[in-house]
Amino acid sequence: MPKPPPSRAKRAAQPSTRKALAQALSKLGREFHQRGWALGTSGNYSAVLQRDPPKLLITSSGLDKSELTDRDFIEIGHDGRVLSGNRKPSAETFLHLAVATSRNAGCILHTHSVWSTLLSQRHSGNRGLAITGYEMLKGLEGVKTHAHGEWIPIFENSQDIPDLAQKVSDMLRRENQIHGFLLSGHGLYTWGDNLAQARRHVEIFEFLFEVVGRREFSGNAITAS
C-alpha cells in the first residue's frame, strides 16, 4: 500500500547550512523585487538559525533588494545584537524576533507592495482587514476551504520598533489563527515553519491584496465568490 504524501511543510525542508540559507533568502529577495513586492531598499527577510535562545539570520540595513546576495546577511541574537557580520541589522529586527519567538516561526518575510500599502491605509481605522470567499485562501497553512475568514491585523506604523514589536508579540500570543499582519502605509509581515512555507504565504497574501484592492478601488461593489 503506497504511503501518503508528506505534508507541504515536510516536503519543503529548510536549507541546512548558514550559507545555503543565506543564498536561498537572497534569491527570494531578488524574486520579490522583480515582482514589485520589495522595491529599492524596502523589505527584509530572516530565518531562524537557533531556537533557544533565538538566533536569526537577517538582511542588513539599507540594501537594494535587486542586488541581494548571501553576503548581505548577518546573525543576530535574542537581544538584537550582531553576533556575526560587519553590517548594520535591519531597523525592524525586533519585529522579526517578536514573530520568531511568539510563533516559533522558521522564516519571517516582510514586503512593501503597492496593494498592501494602499489597503493597510484604507483599513487602518478598523485595525485590520478581513478577507473571505477566495479559493486562494487555501494556500495559507492549515486553511481547508475558500469560506475561511482570514483576519489581517493592521498596526500603526512607528519608528519606535521595540514598542511596536511588543504590541505585535502581544497580538500574536492572543490571536493564534492569523498568518500575517500589516503596518499601515508600510507593508506585510508573514512567516512560516520554513522558507518555502513563508514564501508561499507572501505569494498568497499578495495575490489576495491585489484582488481586494482592485475590487475596492475600482468603485464596483463586487462580492467575493
# chains A, B, ... in the order shown; residues from 1 in each chain; ligands from 1

call {"tool": "residues_around", "arguments": {"residues": "Leu63 in chain A", "least_positions_apart": "5", "cutoff": "10 Å", "atoms": "only C-alpha atoms", "output": "tab-separated table (two decimals) with C-alpha atoms, in the first residue's frame"}}
result
chain	number	residue	atom	x	y	z
A	40	GLY	CA	14.60	49.72	-3.74
A	41	THR	CA	15.81	49.15	-0.20
A	42	SER	CA	12.38	48.12	1.15
A	43	GLY	CA	11.64	44.74	2.70
A	44	ASN	CA	13.64	42.49	4.98
A	68	LEU	CA	20.83	40.97	-2.70
A	69	THR	CA	23.50	38.27	-2.20
A	72	ASP	CA	24.25	40.65	2.77
A	90	SER	CA	17.59	45.79	9.61

call {"tool": "residues_around", "arguments": {"residues": "range 174-184 of chain A", "least_positions_apart": "4", "cutoff": "9 Å", "atoms": "only C-alpha atoms", "output": "PyMOL selection string"}}
result
chain A and resi 103+116-124+128-129+140-141+150-158+168-170+188-192+201-202+205

call {"tool": "closest_residue", "arguments": {"among": "A:Leu21, A:Leu172, A:Leu137, A:Ile58", "to": "Asn104 in chain A", "atoms": "only C-alpha atoms"}}
result
A:Leu172

call {"tool": "closest_residue", "arguments": {"among": "A:Gly106, A:Gly62, A:Pro54, A:Gly142", "to": "Gly80 in chain A", "atoms": "only C-alpha atoms"}}
result
A:Pro54

call {"tool": "atom_distance", "arguments": {"atom1": "CA of Glu203 in chain A", "atom2": "CA of Arg18 in chain A"}}
result
24.3 Å

call {"tool": "select_by_dssp", "arguments": {"residues": "range 90-203 of chain A", "states": "alpha helix (DSSP H)", "output": "PyMOL selection string"}}
result
chain A and resi 93-103+114-122+161-174+195-203

call {"tool": "residues_around", "arguments": {"residues": "Ala105 in chain A", "least_positions_apart": "6", "cutoff": "9 Å", "atoms": "only C-alpha atoms", "output": "PDB file with C-alpha atoms, in the first residue's frame"}}
result
ATOM      1  CA  ALA A  47      15.423  32.772   9.072  1.00  0.00           C
ATOM      2  CA  VAL A  48      15.906  31.123  12.430  1.00  0.00           C
ATOM      3  CA  VAL A  99       7.388  36.774  15.320  1.00  0.00           C
ATOM      4  CA  TRP A 191       6.013  33.771   8.303  1.00  0.00           C
ATOM      5  CA  GLY A 192       6.196  30.009   8.053  1.00  0.00           C
ATOM      6  CA  ASP A 193       7.759  26.905   9.520  1.00  0.00           C
ATOM      7  CA  ASN A 194      10.414  27.190   6.837  1.00  0.00           C
TER       8      ASN A 194
END

call {"tool": "atom_distance", "arguments": {"atom1": "CA of Ala22 in chain A", "atom2": "CA of Ala100 in chain A"}}
result
17.2 Å
